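The structure under discussion appears below in the form of structure tokens.
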Amino acid sequence: MNLAVTLSCGQCFRFSQDQDGYWNGIAGIKGSEHRLHTRQCDQRALEDDPFWHHYFSFDRDYEAIESDLRGRFEILDKAMDAVGQIRILSQDPWETLGSFILSQNNNIKRIRGMVERLCRGSGFPSAEEIVQCKDFLCTIGLGFRDKYLYCGAASIAQGKLDLKALSTMSTEEARKALMTIYGVGPKVADCTLLYGLGRYEVCPMDVWMKRVMEAWFNGESPSILGPYAGVAQQYLFHYARMIDLK
DNA sequence: CCCCAGGGCAGGT
DNA sequence: ACCTGCCATGGG
């Protein structure tokens with residue numbers, strides 16, 4: 001795993017590197033959050049920790065996944081060579097959903113700031129907490145997204161959507177269920193499925209990935225990327241941003 | 001001043 | 001089913 005790329009490729013928003021080379025940040029919901037303080041060379045400790053083992057998806061067979069992605073497309077091989085191994089993180093589903101509700105029509109730098117203000121130095125607020133602190137939401141510069149986040153939180157808190165139940169559904173069913181939330185469309189649902197529910201076949205299509213498919217795949221559908229299209233997407237997304245694909 | 005950003009909704013055709 | 005304007009806000 002390349003720790004730096006994994007934590008800075010746009011699937012999570014709460015980690016940054018300090019001057020000593022350590023990666024710091026918080027994962028999980030307030031009350032059960034975990035604080036990270038680690039370096040690339042300390043990867044073994046992450047693998048041995050129960051929480052981070054799952055968070056960095058050491059419980060999945062990345063050898064098989066990478067081998068499936070190799071040799072399909074020249075540009076994908078090139079991206080994987082240039083980027084280093086990315087792990088798709090296994091994030092808390094509500095943290096993922098809430099964060100990506102804030103991501104719409106926005107840039108990663110500003111998303112990071114918004115999520116940080118929302119979390120106030122601790123774990124990501126639970127849906128219940130967000131419903132209770134409605135007025136606070138309007139004071140932290142979320143723009144038009146504050147009402148979407150509130151509605152999402154309300155749906156969870158009222159039990160209209162049971163995120164736990166999504167794991168027993170087919171990907172299509174889970175996607176439909178997520179999109180019943182006001183403010184959650186295909187892109188936000190897909191990010192939740194990939195980064196929060198481990199559905200590696202799901203390929204979120206943002207403005208960058210639309211450019212990628214147009215420029216490098218002759219406008220084809222992302223399904224040609226195969227059963228791990230979501231993993232491929234992460235390499236292509238990051239590589240396109242690296243070389244500033246227009 | 002302009003345009004863009006890990007989109008989605010509402011309204012029209 | 002597809003198209004367009006609009007939504008707040010900060011950075012380039």
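Residues are named by chain letter and number: chains run A, B, ... in the order of the structure tokens, numbers start at 1 in each chain, and ligands are numbered from 1 in the order shown.
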**Prompt:** For chain A, which residues have at least one atom within 12 Å of chain C, if we go by only C-alpha atoms (C1' of nucleotides)? Write them as a PyMOL selection string, please.
**Reply:** chain A and resi 102+104-111+113-114+138+140-148+183
Serialized selection, N, CA, C and O atoms, as a CSV table (one decimal), in the first residue's frame:
chain,number,residue,atom,x,y,z
A,102,LEU,N,-21.5,16.5,1.0
A,102,LEU,CA,-20.9,17.8,1.0
A,102,LEU,C,-20.0,18.0,-0.2
A,102,LEU,O,-19.5,19.1,-0.4
A,104,GLN,N,-20.6,17.7,-3.4
A,104,GLN,CA,-21.2,18.0,-4.7
A,104,GLN,C,-21.0,19.5,-5.1
A,104,GLN,O,-21.0,20.4,-4.3
A,105,ASN,N,-20.7,19.6,-6.4
A,105,ASN,CA,-20.3,20.9,-7.0
A,105,ASN,C,-19.3,21.6,-6.2
A,105,ASN,O,-19.5,22.8,-5.8
A,106,ASN,N,-18.2,20.9,-5.8
A,106,ASN,CA,-17.3,21.4,-4.8
A,106,ASN,C,-15.9,20.9,-5.1
A,106,ASN,O,-15.8,20.0,-6.0
A,107,ASN,N,-14.9,21.5,-4.5
A,107,ASN,CA,-13.5,20.9,-4.8
A,107,ASN,C,-12.9,20.3,-3.5
A,107,ASN,O,-13.4,20.6,-2.4
A,108,ILE,N,-12.0,19.4,-3.7
A,108,ILE,CA,-11.5,18.6,-2.5
A,108,ILE,C,-11.0,19.5,-1.4
A,108,ILE,O,-11.2,19.2,-0.2
A,109,LYS,N,-10.2,20.5,-1.7
A,109,LYS,CA,-9.7,21.3,-0.7
A,109,LYS,C,-10.8,21.9,0.2
A,109,LYS,O,-10.7,21.9,1.4
A,110,ARG,N,-11.8,22.4,-0.4
A,110,ARG,CA,-12.9,23.0,0.3
A,110,ARG,C,-13.7,22.0,1.1
A,110,ARG,O,-14.2,22.2,2.2
A,111,ILE,N,-13.9,20.8,0.5
A,111,ILE,CA,-14.6,19.7,1.1
A,111,ILE,C,-13.9,19.4,2.5
A,111,ILE,O,-14.6,19.2,3.5
A,113,GLY,N,-12.1,21.3,4.3
A,113,GLY,CA,-12.4,22.3,5.3
A,113,GLY,C,-13.8,22.2,5.9
A,113,GLY,O,-14.0,22.3,7.1
A,114,MET,N,-14.8,21.9,5.1
A,114,MET,CA,-16.1,21.8,5.5
A,114,MET,C,-16.3,20.6,6.5
A,114,MET,O,-16.9,20.7,7.5
A,138,CYS,N,-25.8,25.6,9.7
A,138,CYS,CA,-25.9,26.8,8.8
A,138,CYS,C,-24.8,27.8,9.1
A,138,CYS,O,-24.7,28.8,8.4
A,140,ILE,N,-21.3,27.0,9.3
A,140,ILE,CA,-20.0,26.5,9.0
A,140,ILE,C,-19.7,26.5,7.5
A,140,ILE,O,-18.8,25.8,7.0
A,141,GLY,N,-20.5,27.3,6.7
A,141,GLY,CA,-20.1,27.5,5.3
A,141,GLY,C,-20.3,26.3,4.4
A,141,GLY,O,-19.5,26.0,3.6
A,142,LEU,N,-21.4,25.6,4.6
A,142,LEU,CA,-21.7,24.4,3.7
A,142,LEU,C,-22.4,24.8,2.4
A,142,LEU,O,-22.5,24.0,1.5
A,143,GLY,N,-22.8,26.1,2.3
A,143,GLY,CA,-23.5,26.5,1.1
A,143,GLY,C,-24.9,25.8,1.1
A,143,GLY,O,-25.5,25.6,2.1
A,144,PHE,N,-25.3,25.5,-0.2
A,144,PHE,CA,-26.6,24.9,-0.3
A,144,PHE,C,-26.7,23.5,0.2
A,144,PHE,O,-27.8,22.9,0.2
A,145,ARG,N,-25.5,22.9,0.5
A,145,ARG,CA,-25.5,21.5,0.9
A,145,ARG,C,-26.0,21.3,2.3
A,145,ARG,O,-26.2,20.1,2.7
A,146,ASP,N,-26.1,22.3,3.1
A,146,ASP,CA,-26.5,22.1,4.5
A,146,ASP,C,-27.9,21.4,4.6
A,146,ASP,O,-28.1,20.5,5.4
A,147,LYS,N,-28.8,21.8,3.7
A,147,LYS,CA,-30.2,21.2,3.8
A,147,LYS,C,-30.1,19.7,3.3
A,147,LYS,O,-30.8,18.8,3.8
A,148,TYR,N,-29.2,19.4,2.4
A,148,TYR,CA,-29.0,18.0,1.9
A,148,TYR,C,-28.5,17.1,3.1
A,148,TYR,O,-29.0,16.0,3.3
A,183,GLY,N,-31.1,15.0,-2.0
A,183,GLY,CA,-29.7,15.5,-2.1
A,183,GLY,C,-28.7,14.4,-2.4
A,183,GLY,O,-27.5,14.6,-2.5
Excluding region 58-60 of chain A and any residue of its chain fewer than 2 positions from it, enumerate the residues within 12 Å of it, using only C-alpha atoms (C1' of nucleotides), and give them as an mmCIF file with N, CA, C and O atoms, in the first residue's frame.
data_model
loop_
_atom_site.group_PDB
_atom_site.id
_atom_site.type_symbol
_atom_site.label_atom_id
_atom_site.label_comp_id
_atom_site.auth_asym_id
_atom_site.auth_seq_id
_atom_site.Cartn_x
_atom_site.Cartn_y
_atom_site.Cartn_z
ATOM 1 N N MET A 1 0.837 -1.205 0.000
ATOM 2 C CA MET A 1 0.000 0.000 0.000
ATOM 3 C C MET A 1 0.869 1.250 0.000
ATOM 4 O O MET A 1 1.827 1.341 0.758
ATOM 5 N N GLN A 43 3.807 0.567 8.459
ATOM 6 C CA GLN A 43 2.621 -0.078 7.923
ATOM 7 C C GLN A 43 2.265 -1.374 8.644
ATOM 8 O O GLN A 43 1.088 -1.707 8.792
ATOM 9 N N ARG A 44 3.285 -2.067 9.111
ATOM 10 C CA ARG A 44 3.062 -3.343 9.794
ATOM 11 C C ARG A 44 2.151 -3.154 11.019
ATOM 12 O O ARG A 44 1.285 -3.981 11.301
ATOM 13 N N ALA A 45 2.353 -2.051 11.734
ATOM 14 C CA ALA A 45 1.537 -1.777 12.919
ATOM 15 C C ALA A 45 0.074 -1.550 12.536
ATOM 16 O O ALA A 45 -0.840 -1.955 13.260
ATOM 17 N N LEU A 46 -0.150 -0.915 11.411
ATOM 18 C CA LEU A 46 -1.525 -0.709 10.932
ATOM 19 C C LEU A 46 -2.182 -2.046 10.641
ATOM 20 O O LEU A 46 -3.337 -2.289 10.985
ATOM 21 N N GLU A 47 -1.416 -2.909 9.984
ATOM 22 C CA GLU A 47 -1.940 -4.215 9.602
ATOM 23 C C GLU A 47 -2.289 -5.045 10.834
ATOM 24 O O GLU A 47 -3.221 -5.850 10.812
ATOM 25 N N ASP A 48 -1.539 -4.844 11.917
ATOM 26 C CA ASP A 48 -1.749 -5.636 13.132
ATOM 27 C C ASP A 48 -2.837 -5.071 14.031
ATOM 28 O O ASP A 48 -3.256 -5.715 14.984
ATOM 29 N N ASP A 49 -3.285 -3.847 13.756
ATOM 30 C CA ASP A 49 -4.334 -3.243 14.580
ATOM 31 C C ASP A 49 -5.705 -3.624 14.030
ATOM 32 O O ASP A 49 -5.948 -3.486 12.828
ATOM 33 N N PRO A 50 -6.622 -4.104 14.869
ATOM 34 C CA PRO A 50 -7.920 -4.582 14.367
ATOM 35 C C PRO A 50 -8.696 -3.524 13.582
ATOM 36 O O PRO A 50 -9.258 -3.823 12.525
ATOM 37 N N PHE A 51 -8.736 -2.301 14.091
ATOM 38 C CA PHE A 51 -9.502 -1.263 13.393
ATOM 39 C C PHE A 51 -8.866 -0.876 12.062
ATOM 40 O O PHE A 51 -9.517 -0.891 11.013
ATOM 41 N N TRP A 52 -7.603 -0.539 12.108
ATOM 42 C CA TRP A 52 -6.948 -0.065 10.878
ATOM 43 C C TRP A 52 -6.768 -1.187 9.859
ATOM 44 O O TRP A 52 -6.726 -0.936 8.656
ATOM 45 N N HIS A 53 -6.671 -2.411 10.346
ATOM 46 C CA HIS A 53 -6.597 -3.564 9.439
ATOM 47 C C HIS A 53 -7.797 -3.572 8.495
ATOM 48 O O HIS A 53 -7.652 -3.705 7.276
ATOM 49 N N HIS A 54 -8.970 -3.378 9.073
ATOM 50 C CA HIS A 54 -10.188 -3.338 8.257
ATOM 51 C C HIS A 54 -10.267 -2.032 7.470
ATOM 52 O O HIS A 54 -10.624 -2.024 6.290
ATOM 53 N N TYR A 55 -9.924 -0.918 8.124
ATOM 54 C CA TYR A 55 -10.045 0.400 7.479
ATOM 55 C C TYR A 55 -9.222 0.465 6.189
ATOM 56 O O TYR A 55 -9.685 0.988 5.172
ATOM 57 N N PHE A 56 -8.017 -0.077 6.232
ATOM 58 C CA PHE A 56 -7.156 -0.073 5.045
ATOM 59 C C PHE A 56 -7.341 -1.324 4.184
ATOM 60 O O PHE A 56 -6.538 -1.602 3.291
ATOM 61 N N TYR A 62 -5.834 -7.923 -2.315
ATOM 62 C CA TYR A 62 -5.402 -6.927 -3.295
ATOM 63 C C TYR A 62 -4.458 -7.497 -4.346
ATOM 64 O O TYR A 62 -4.323 -6.935 -5.435
ATOM 65 N N GLU A 63 -3.817 -8.620 -4.028
ATOM 66 C CA GLU A 63 -2.983 -9.260 -5.038
ATOM 67 C C GLU A 63 -3.858 -9.702 -6.214
ATOM 68 O O GLU A 63 -3.530 -9.450 -7.375
ATOM 69 N N ALA A 64 -4.981 -10.324 -5.887
ATOM 70 C CA ALA A 64 -5.902 -10.783 -6.935
ATOM 71 C C ALA A 64 -6.531 -9.604 -7.678
ATOM 72 O O ALA A 64 -6.695 -9.643 -8.904
ATOM 73 N N ILE A 65 -6.871 -8.548 -6.939
ATOM 74 C CA ILE A 65 -7.506 -7.381 -7.557
ATOM 75 C C ILE A 65 -6.562 -6.710 -8.544
ATOM 76 O O ILE A 65 -6.920 -6.427 -9.687
ATOM 77 N N GLU A 66 -5.321 -6.479 -8.092
ATOM 78 C CA GLU A 66 -4.342 -5.820 -8.964
ATOM 79 C C GLU A 66 -4.036 -6.672 -10.186
ATOM 80 O O GLU A 66 -3.865 -6.156 -11.291
ATOM 81 N N ILE A 86 -2.984 1.854 -4.373
ATOM 82 C CA ILE A 86 -4.067 2.510 -3.642
ATOM 83 C C ILE A 86 -4.942 1.435 -3.014
ATOM 84 O O ILE A 86 -5.310 0.475 -3.678
ATOM 85 N N ARG A 87 -5.273 1.605 -1.729
ATOM 86 C CA ARG A 87 -6.305 0.779 -1.121
ATOM 87 C C ARG A 87 -7.600 1.569 -1.105
ATOM 88 O O ARG A 87 -7.602 2.748 -0.743
ATOM 89 N N ILE A 88 -8.698 0.913 -1.483
ATOM 90 C CA ILE A 88 -10.009 1.509 -1.247
ATOM 91 C C ILE A 88 -10.293 1.360 0.241
ATOM 92 O O ILE A 88 -10.254 0.249 0.775
ATOM 93 N N LEU A 89 -10.521 2.461 0.928
ATOM 94 C CA LEU A 89 -10.733 2.432 2.374
ATOM 95 C C LEU A 89 -12.115 1.869 2.710
ATOM 96 O O LEU A 89 -13.057 2.020 1.936
ATOM 97 N N SER A 90 -12.205 1.192 3.861
ATOM 98 C CA SER A 90 -13.502 0.726 4.359
ATOM 99 C C SER A 90 -13.976 1.696 5.432
ATOM 100 O O SER A 90 -13.765 1.490 6.613
ATOM 101 N N GLY A 198 -17.776 -1.204 0.354
ATOM 102 C CA GLY A 198 -16.868 -2.158 -0.270
ATOM 103 C C GLY A 198 -17.344 -2.739 -1.580
ATOM 104 O O GLY A 198 -16.913 -3.832 -1.960
ATOM 105 N N ARG A 199 -18.222 -2.024 -2.292
ATOM 106 C CA ARG A 199 -18.697 -2.529 -3.588
ATOM 107 C C ARG A 199 -17.715 -2.093 -4.672
ATOM 108 O O ARG A 199 -17.877 -1.026 -5.286
ATOM 109 N N TYR A 200 -16.699 -2.910 -4.891
ATOM 110 C CA TYR A 200 -15.583 -2.526 -5.755
ATOM 111 C C TYR A 200 -15.950 -2.454 -7.240
ATOM 112 O O TYR A 200 -15.178 -1.961 -8.048
#
**Item:** Contact residues (chain A, partner chain B, 9 Å, only C-alpha atoms (C1' of nucleotides)) as a PyMOL selection string
**Value:** chain A and resi 10-11+100-101+103-108+110+182-188+191+204-209
Save out the residues we just selected, C-alpha atoms, as a JSON list (two decimals), in the first residue's frame.
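selection.json written:
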[["chain", "number", "residue", "atom", "x", "y", "z"],
["A", 10, "GLY", "CA", -10.03, 11.97, -2.66],
["A", 11, "GLN", "CA", -11.83, 9.04, -1.00],
["A", 100, "PHE", "CA", -19.89, 12.96, -0.10],
["A", 101, "ILE", "CA", -23.17, 14.84, 0.29],
["A", 103, "SER", "CA", -18.73, 17.01, -2.02],
["A", 104, "GLN", "CA", -21.22, 18.01, -4.68],
["A", 105, "ASN", "CA", -20.28, 20.86, -7.02],
["A", 106, "ASN", "CA", -17.27, 21.44, -4.80],
["A", 107, "ASN", "CA", -13.51, 20.94, -4.77],
["A", 108, "ILE", "CA", -11.51, 18.61, -2.54],
["A", 110, "ARG", "CA", -12.88, 23.03, 0.35],
["A", 182, "TYR", "CA", -33.11, 14.23, -0.83],
["A", 183, "GLY", "CA", -29.73, 15.46, -2.08],
["A", 184, "VAL", "CA", -28.30, 12.03, -2.89],
["A", 185, "GLY", "CA", -28.00, 11.23, -6.59],
["A", 186, "PRO", "CA", -26.04, 8.60, -8.55],
["A", 187, "LYS", "CA", -22.57, 10.02, -7.81],
["A", 188, "VAL", "CA", -22.97, 10.37, -4.03],
["A", 191, "CYS", "CA", -19.17, 6.90, -3.57],
["A", 204, "PRO", "CA", -18.40, 6.88, -9.34],
["A", 205, "MET", "CA", -18.54, 9.25, -12.32],
["A", 206, "ASP", "CA", -17.49, 12.78, -11.45],
["A", 207, "VAL", "CA", -16.31, 15.47, -13.86],
["A", 208, "TRP", "CA", -12.78, 14.00, -13.87],
["A", 209, "MET", "CA", -13.89, 10.44, -14.61]]
**Message:** Can you tell me, as a count of residues only, which residues in region 31-246 of chain A count as strand (DSSP E or B) by DSSP?
**Reply:** 6
**Message:** Would you pick out the contacts of Trp94 (chain A) at 8 Å or less, using only C-alpha atoms (C1' of nucleotides), so that residues sharing its chain but fewer than 3 positions from it are not included, and give the list as a ChimeraX atom specification?
**Reply:** /A:97-98,126-127,163,196
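Take CA of Trp23 (chain A) and CA of Tyr228 (chain A): the distance between them is 27.2 Å.
Straight-line separation from CA of Val212 (chain A) to CA of Ser170 (chain A): 27.4 Å.
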